[in-house]
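Q: This is work_29.cif (mmCIF, C-alpha atoms).
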```cif
data_run
loop_
_atom_site.label_atom_id
_atom_site.label_comp_id
_atom_site.auth_asym_id
_atom_site.auth_seq_id
_atom_site.Cartn_x
_atom_site.Cartn_y
_atom_site.Cartn_z
CA MET A 1 -29.50 23.56 18.44
CA LEU A 2 -29.74 26.20 21.18
CA ARG A 3 -31.53 23.72 23.43
CA ILE A 4 -28.78 21.15 22.85
CA PHE A 5 -26.12 23.74 23.66
CA ALA A 6 -27.97 24.82 26.82
CA THR A 7 -28.17 21.19 27.94
CA TYR A 8 -24.49 20.57 27.32
CA ARG A 9 -23.69 23.84 29.09
CA TYR A 10 -25.11 22.47 32.33
CA ILE A 11 -23.39 19.14 31.75
CA SER A 12 -20.14 21.10 31.57
CA PHE A 13 -21.00 23.17 34.66
CA LEU A 14 -21.52 19.90 36.55
CA ASN A 15 -18.11 18.65 35.31
CA LEU A 16 -19.79 15.59 33.79
CA ASP A 17 -18.04 16.02 30.42
CA VAL A 18 -14.64 15.83 32.10
CA VAL A 19 -15.74 12.80 34.13
CA GLY A 20 -16.98 11.06 30.99
CA GLY A 21 -13.72 11.80 29.19
CA CYS A 22 -11.61 10.44 32.04
CA LEU A 23 -13.69 7.26 32.24
CA ILE A 24 -13.46 6.50 28.52
CA PHE A 25 -9.70 7.13 28.55
CA ALA A 26 -9.39 4.81 31.56
CA TRP A 27 -11.24 2.15 29.58
CA LEU A 28 -8.92 2.75 26.61
CA GLY A 29 -5.91 2.45 28.89
CA ALA A 30 -7.17 -0.91 30.11
CA GLN A 31 -7.24 -2.12 26.49
CA ILE A 32 -3.64 -1.00 25.98
CA ALA A 33 -2.48 -2.55 29.26
CA CYS A 34 -4.44 -5.76 28.52
CA SER A 35 -5.61 -5.45 32.11
CA PRO A 36 -9.43 -5.40 32.52
CA ILE A 37 -10.65 -2.92 35.11
CA PRO A 38 -13.44 -4.00 37.53
CA HIS A 39 -16.68 -2.09 37.10
CA TYR A 40 -16.53 -0.62 40.59
CA HIS A 41 -13.18 0.94 39.69
CA TYR A 42 -14.89 3.10 37.05
CA LEU A 43 -17.45 4.17 39.63
CA LEU A 44 -14.75 5.09 42.14
CA PHE A 45 -12.66 6.86 39.51
CA GLY A 46 -15.59 8.86 38.18
CA ALA A 47 -16.56 9.85 41.73
CA ALA A 48 -12.98 10.94 42.48
CA VAL A 49 -12.70 13.05 39.32
CA TRP A 50 -16.04 14.74 39.94
CA CYS A 51 -15.20 15.50 43.58
CA VAL A 52 -11.78 16.93 42.73
CA TYR A 53 -13.11 19.24 40.00
CA THR A 54 -16.11 20.31 42.07
CA LEU A 55 -13.98 20.87 45.17
CA ASP A 56 -11.64 23.07 43.13
CA ARG A 57 -14.64 25.13 41.96
CA LEU A 58 -16.01 25.51 45.48
CA ILE A 59 -12.61 26.57 46.85
CA ASP A 60 -12.27 29.16 44.07
CA VAL A 61 -15.76 30.49 44.79
CA ARG A 62 -14.93 30.94 48.46
CA ALA A 63 -11.53 32.51 47.78
CA GLN A 64 -12.77 34.77 44.97
CA PRO A 65 -16.47 35.62 45.53
CA HIS A 66 -16.32 38.46 42.97
CA ASN A 67 -15.74 38.44 39.20
CA LEU A 68 -16.90 34.84 38.90
CA THR A 69 -16.99 32.96 35.60
CA ALA A 70 -20.29 31.38 34.53
CA ARG A 71 -19.34 27.96 35.88
CA HIS A 72 -18.13 29.43 39.17
CA ALA A 73 -21.30 31.50 39.46
CA PHE A 74 -23.27 28.27 39.01
CA TRP A 75 -21.49 26.69 41.97
CA ALA A 76 -21.80 29.89 44.00
CA ARG A 77 -25.58 29.56 43.65
CA ASN A 78 -25.47 25.86 44.50
CA ILE A 79 -22.63 25.80 46.99
CA ARG A 80 -24.55 23.91 49.69
CA TRP A 81 -25.65 21.24 47.23
CA GLY A 82 -22.06 21.00 46.04
CA TRP A 83 -20.68 20.28 49.50
CA PHE A 84 -23.53 17.86 50.22
CA ALA A 85 -22.88 15.99 46.96
CA ILE A 86 -19.15 15.74 47.67
CA PHE A 87 -19.83 14.39 51.16
CA SER A 88 -22.38 11.87 49.87
CA ILE A 89 -20.18 10.66 47.02
CA CYS A 90 -17.16 10.31 49.32
CA LEU A 91 -19.29 8.28 51.74
CA MET A 92 -20.41 6.01 48.88
CA ALA A 93 -16.83 5.59 47.66
CA PHE A 94 -15.66 4.74 51.18
CA GLY A 95 -18.33 2.05 51.38
CA LEU A 96 -17.22 0.53 48.07
CA LEU A 97 -13.59 0.49 49.20
CA ILE A 98 -14.52 -1.32 52.41
CA PHE A 99 -16.68 -3.84 50.54
CA TYR A 100 -14.19 -4.69 47.76
CA CYS A 101 -10.97 -3.79 49.63
CA PRO A 102 -8.70 -3.46 46.54
CA LYS A 103 -5.35 -2.99 48.28
CA GLY A 104 -3.43 -1.82 45.23
CA LEU A 105 -6.10 0.67 44.26
CA ILE A 106 -6.31 2.01 47.82
CA VAL A 107 -2.55 2.62 47.89
CA GLY A 108 -2.70 4.28 44.48
CA GLY A 109 -5.69 6.34 45.54
CA LEU A 110 -3.94 7.56 48.68
CA PHE A 111 -0.97 8.58 46.57
CA LEU A 112 -3.28 10.55 44.29
CA VAL A 113 -4.98 12.19 47.28
CA LEU A 114 -1.54 13.28 48.50
CA PHE A 115 -0.71 14.59 45.02
CA ILE A 116 -3.97 16.59 44.90
CA CYS A 117 -3.44 17.99 48.40
CA ILE A 118 0.06 19.13 47.40
CA TYR A 119 -1.38 20.77 44.28
CA LEU A 120 -4.12 22.60 46.20
CA PHE A 121 -1.66 23.69 48.90
CA PHE A 122 0.89 25.13 46.47
CA LYS A 123 -1.89 26.70 44.41
CA ARG A 124 -3.26 28.62 47.39
CA TYR A 125 0.20 29.39 48.85
CA CYS A 126 1.64 30.72 45.59
CA TYR A 127 -1.43 32.83 44.81
CA LEU A 128 -1.40 34.33 48.31
CA LYS A 129 2.35 34.97 48.40
CA THR A 130 3.61 35.48 44.85
CA ARG A 131 0.37 35.79 42.80
CA ILE A 132 1.74 33.26 40.32
CA PHE A 133 1.76 29.45 40.29
CA VAL A 134 4.01 28.42 37.39
CA LEU A 135 3.42 24.71 37.95
CA LYS A 136 -0.36 24.91 37.61
CA GLU A 137 -0.54 23.53 34.05
CA PRO A 138 2.06 20.74 34.56
CA PHE A 139 0.39 19.72 37.84
CA ILE A 140 -3.05 19.46 36.22
CA ALA A 141 -1.73 17.53 33.21
CA LEU A 142 0.24 15.13 35.40
CA GLY A 143 -2.74 14.61 37.72
CA PHE A 144 -4.94 13.82 34.71
CA ALA A 145 -2.48 11.19 33.41
CA LEU A 146 -1.87 9.68 36.86
CA GLY A 147 -5.57 9.46 37.66
CA ILE A 148 -6.44 7.67 34.43
CA THR A 149 -3.58 5.18 34.78
CA VAL A 150 -3.88 4.58 38.53
CA ALA A 151 -5.17 1.06 37.86
CA TRP A 152 -1.87 0.26 36.11
CA TRP A 153 0.74 1.60 38.45
CA SER A 154 -1.09 0.44 41.57
CA GLU A 155 -1.29 -3.16 40.37
CA ASN A 156 1.61 -3.70 37.95
CA LEU A 157 5.27 -3.74 38.94
CA THR A 158 6.38 -3.20 35.34
CA TRP A 159 4.98 -1.16 32.50
CA THR A 160 5.09 -2.15 28.86
CA VAL A 161 6.21 0.32 26.20
CA PRO A 162 2.61 0.95 25.00
CA MET A 163 1.58 1.78 28.58
CA ILE A 164 4.43 4.27 29.01
CA VAL A 165 3.71 5.86 25.63
CA PHE A 166 0.00 6.19 26.40
CA PHE A 167 0.82 7.83 29.74
CA LEU A 168 2.99 10.36 27.86
CA TYR A 169 0.17 10.93 25.36
CA LEU A 170 -2.32 11.61 28.16
CA PHE A 171 0.06 14.10 29.80
CA LEU A 172 0.64 15.99 26.54
CA LEU A 173 -3.07 16.00 25.61
CA ALA A 174 -4.02 17.35 29.05
CA PHE A 175 -1.25 19.96 28.80
CA ILE A 176 -2.64 21.17 25.47
CA ASN A 177 -6.10 21.27 27.03
CA VAL A 178 -5.05 23.51 29.93
CA ILE A 179 -2.90 25.69 27.68
CA VAL A 180 -5.87 26.46 25.43
CA ILE A 181 -8.14 27.15 28.40
CA GLY A 182 -5.46 29.26 30.06
CA PHE A 183 -4.94 31.23 26.85
CA PHE A 184 -8.59 32.36 26.82
CA GLU A 185 -8.77 32.94 30.58
CA LYS A 186 -5.43 34.69 30.80
CA ASP A 187 -6.86 38.14 31.50
CA GLU A 188 -9.45 36.81 33.96
CA ASP A 189 -6.79 34.98 35.96
CA ALA A 190 -4.51 38.01 35.95
CA ALA A 191 -7.37 40.19 37.23
CA LYS A 192 -7.82 37.72 40.10
CA ASN A 193 -4.05 37.71 40.78
CA GLU A 194 -3.92 34.05 39.81
CA LYS A 195 -1.22 33.94 37.17
CA SER A 196 0.35 30.71 35.95
CA LEU A 197 2.84 29.40 33.41
CA ILE A 198 0.70 30.70 30.55
CA HIS A 199 1.39 34.29 31.64
CA LEU A 200 5.14 33.91 31.12
CA PHE A 201 4.85 33.35 27.36
CA SER A 202 3.80 35.51 24.44
CA GLU A 203 0.93 34.50 22.17
CA TYR A 204 3.41 33.41 19.51
CA ALA A 205 5.29 31.24 22.02
CA ILE A 206 2.02 29.60 23.11
CA TYR A 207 1.32 28.70 19.48
CA ILE A 208 4.76 27.13 19.15
CA ILE A 209 4.39 25.17 22.40
CA GLY A 210 0.95 23.95 21.35
CA PHE A 211 2.22 22.84 17.93
CA LEU A 212 5.18 20.99 19.41
CA MET A 213 3.04 19.15 21.96
CA ALA A 214 0.39 18.25 19.37
CA PHE A 215 3.06 16.98 16.99
CA LEU A 216 4.76 14.94 19.71
CA SER A 217 1.53 13.49 21.13
CA ALA A 218 0.33 12.49 17.65
CA GLY A 219 3.75 11.03 16.86
CA VAL A 220 3.85 8.63 19.82
CA ILE A 221 0.41 7.10 19.18
CA PRO A 222 1.65 4.41 16.71
CA PHE A 223 3.63 2.87 19.59
CA CYS A 224 0.42 2.11 21.52
CA ASN A 225 -0.42 -0.91 19.34
CA LEU A 226 -4.03 0.13 18.73
CA PRO A 227 -6.36 -0.44 15.74
CA VAL A 228 -5.74 1.96 12.85
CA PHE A 229 -9.03 3.82 13.32
CA TRP A 230 -8.34 4.32 17.03
CA MET A 231 -4.82 5.60 16.35
CA SER A 232 -6.14 8.01 13.69
CA VAL A 233 -8.69 9.54 16.08
CA LEU A 234 -6.16 9.86 18.91
CA ALA A 235 -3.59 11.41 16.57
CA ILE A 236 -6.08 14.04 15.36
CA LEU A 237 -7.42 14.82 18.84
CA PRO A 238 -4.50 17.07 19.99
CA TRP A 239 -4.80 19.14 16.80
CA LEU A 240 -8.56 19.52 17.26
CA THR A 241 -7.91 20.70 20.81
CA LEU A 242 -5.78 23.53 19.39
CA PHE A 243 -8.60 24.74 17.08
CA PRO A 244 -9.82 27.55 19.38
CA LEU A 245 -6.44 29.28 19.11
CA PHE A 246 -7.03 29.82 15.38
CA PHE A 247 -10.64 31.01 15.70
CA GLN A 248 -10.39 33.10 18.83
CA LYS A 249 -13.43 35.35 18.29
CA LEU A 250 -15.70 32.40 17.59
CA PHE A 251 -14.59 30.30 20.54
CA ALA A 252 -14.39 33.22 22.97
CA SER A 253 -18.15 33.74 22.52
CA HIS A 254 -20.10 32.21 25.41
CA HIS A 255 -16.92 30.39 26.51
CA LEU A 256 -17.21 27.93 23.63
CA TYR A 257 -13.51 27.08 23.99
CA ARG A 258 -14.20 25.43 27.34
CA TYR A 259 -17.03 23.27 26.00
CA TRP A 260 -14.94 22.39 22.94
CA VAL A 261 -11.74 21.21 24.66
CA ASP A 262 -13.52 19.40 27.50
CA GLY A 263 -16.06 17.86 25.13
CA LEU A 264 -13.27 16.50 22.92
CA LEU A 265 -12.13 14.34 25.82
CA THR A 266 -15.19 12.17 25.23
CA THR A 267 -14.18 11.48 21.60
CA PRO A 268 -12.89 7.94 22.37
CA LEU A 269 -16.54 7.00 23.00
CA LEU A 270 -16.47 6.28 19.27
CA PHE A 271 -14.24 3.29 20.00
CA LEU A 272 -17.10 1.55 21.78
CA PHE A 273 -18.93 1.40 18.45
CA PHE A 274 -15.88 0.51 16.33
CA ARG A 275 -14.26 -2.28 18.33
#
```
Write out the structure in this file as structure tokens.
A:
Amino acid sequence: MLRIFATYRYISFLNLDVVGGCLIFAWLGAQIACSPIPHYHYLLFGAAVWCVYTLDRLIDVRAQPHNLTARHAFWARNIRWGWFAIFSICLMAFGLLIFYCPKGLIVGGLFLVLFICIYLFFKRYCYLKTRIFVLKEPFIALGFALGITVAWWSENLTWTVPMIVFFLYLFLLAFINVIVIGFFEKDEDAAKNEKSLIHLFSEYAIYIIGFLMAFLSAGVIPFCNLPVFWMSVLAILPWLTLFPLFFQKLFASHHLYRYWVDGLLTTPLLFLFFR
């Protein structure tokens, strides 16, 4: 068991659990939109997600070289490999874009790049000037939902109701994810003068917000027109994401909360076996 945990720990450090979760949700979104996604799109999307998460880690390491978390310490030790990997993956992605030349996806990708640049700019500006970035959690949740659905809104002029509902579900699920992570890292972020929306609410208020979002995200799932088993798993997922809030001592140990909430994003892998 310890060996399995140690292996998954490095998978999490490398951001591969988040990448896997984003890819399986993108596949699920394609089923809802009835719009098959080319295989190279998954490769490009996975590369983009990994580069964004890794770039964010490397920027944090450079800006805050002291009091690093375990995952940031990992990238501090491997910072040169991190930059080399980002450069190599971006070069590969550029080659794929030139070869396939998907115009809609390129436009959507450029929009996402602009969105990410705006996020990183405001994140650094607010932390340097005001020490608080209240839009951190909404930005991350919106970026998660936009990235997964980029194949839709870059190719389709109109969205169906199931597509809109699934986009809302993704936003709410990602918001719950970052709220739980922010709850456990609240003191660490405050010590680094990197406060966010989570610091404006009491613990009781965070519980209420989490409950409301989980209830709403589970409530919209029936409108996605999915098989019953799929809907059941997706409806339970937001509540499972909230689990660490009720067992704080357990999940605070060895940063288990991070592995739990990010690992849950890969839950829809079950759908590949129950199609």
Q: Let me know the residues the PyMOL selection byres ((chain A and resi 223-233) around 12) catches in the file above, as number ranges by chain.
A: A: 25, 28-34, 160-170, 217-222, 234-240, 264-275
Q: Enumerate, as a list of chain:residue names, the residues matched when the PyMOL selection byres ((chain A and resi 136-152) around 7) is run on the file above.
A: A:Cys22, A:Phe25, A:Ala26, A:Gly29, A:Leu105, A:Gly108, A:Tyr119, A:Phe133, A:Val134, A:Leu135, A:Trp153, A:Ser154, A:Glu155, A:Asn156, A:Phe167, A:Leu170, A:Phe171, A:Ala174, A:Phe175, A:Val178, A:Ser196, A:Leu197
Q: Run the PyMOL selection byres ((chain A and resi 199) around 10) on the file and write out the hits as a list of chain:residue names.
A: A:Ile132, A:Phe133, A:Val134, A:Gly182, A:Phe183, A:Lys186, A:Asp187, A:Asp189, A:Ala190, A:Glu194, A:Lys195, A:Ser196, A:Leu197, A:Ile198, A:Leu200, A:Phe201, A:Ser202, A:Glu203, A:Ile206
Q: Could you please take those selected residues and save C-alpha atoms as a CSV table (one decimal), in the coordinates of the input?
A:
```csv
chain,number,residue,atom,x,y,z
A,132,ILE,CA,1.7,33.3,40.3
A,133,PHE,CA,1.8,29.4,40.3
A,134,VAL,CA,4.0,28.4,37.4
A,182,GLY,CA,-5.5,29.3,30.1
A,183,PHE,CA,-4.9,31.2,26.8
A,186,LYS,CA,-5.4,34.7,30.8
A,187,ASP,CA,-6.9,38.1,31.5
A,189,ASP,CA,-6.8,35.0,36.0
A,190,ALA,CA,-4.5,38.0,36.0
A,194,GLU,CA,-3.9,34.0,39.8
A,195,LYS,CA,-1.2,33.9,37.2
A,196,SER,CA,0.4,30.7,36.0
A,197,LEU,CA,2.8,29.4,33.4
A,198,ILE,CA,0.7,30.7,30.6
A,200,LEU,CA,5.1,33.9,31.1
A,201,PHE,CA,4.8,33.4,27.4
A,202,SER,CA,3.8,35.5,24.4
A,203,GLU,CA,0.9,34.5,22.2
A,206,ILE,CA,2.0,29.6,23.1
```
Q: Atom CA of Asp17 of chain A and atom CA of Ile116 of chain A, how far apart in Å?
A: 20.2 Å
Q: Grab all the atoms of segment 22-28 of chain A that the file lists, wrap them in a box along x, y and z, add 8 Å per side, and give me centre plus edge lengths in Å (one decimal) as AutoDock Vina command-line options.
A:
```
--center_x -11.3 --center_y 6.3 --center_z 29.4 --size_x 20.8 --size_y 24.3 --size_z 21.6
```
Q: Find the residues near segment 40-44 of chain A: any atom within 8 Å, counting only C-alpha atoms, skip ones fewer than 2 places away on the same chain, and give them as a count of residues only.
A: 9
Q: Could you tell me how far atom CA of Cys90 of chain A sits from atom CA of Val113 of chain A, in Å to one decimal place?
A: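 Pair atom CA of Val113 of chain A / atom CA of Cys90 of chain A returns 12.5 Å.
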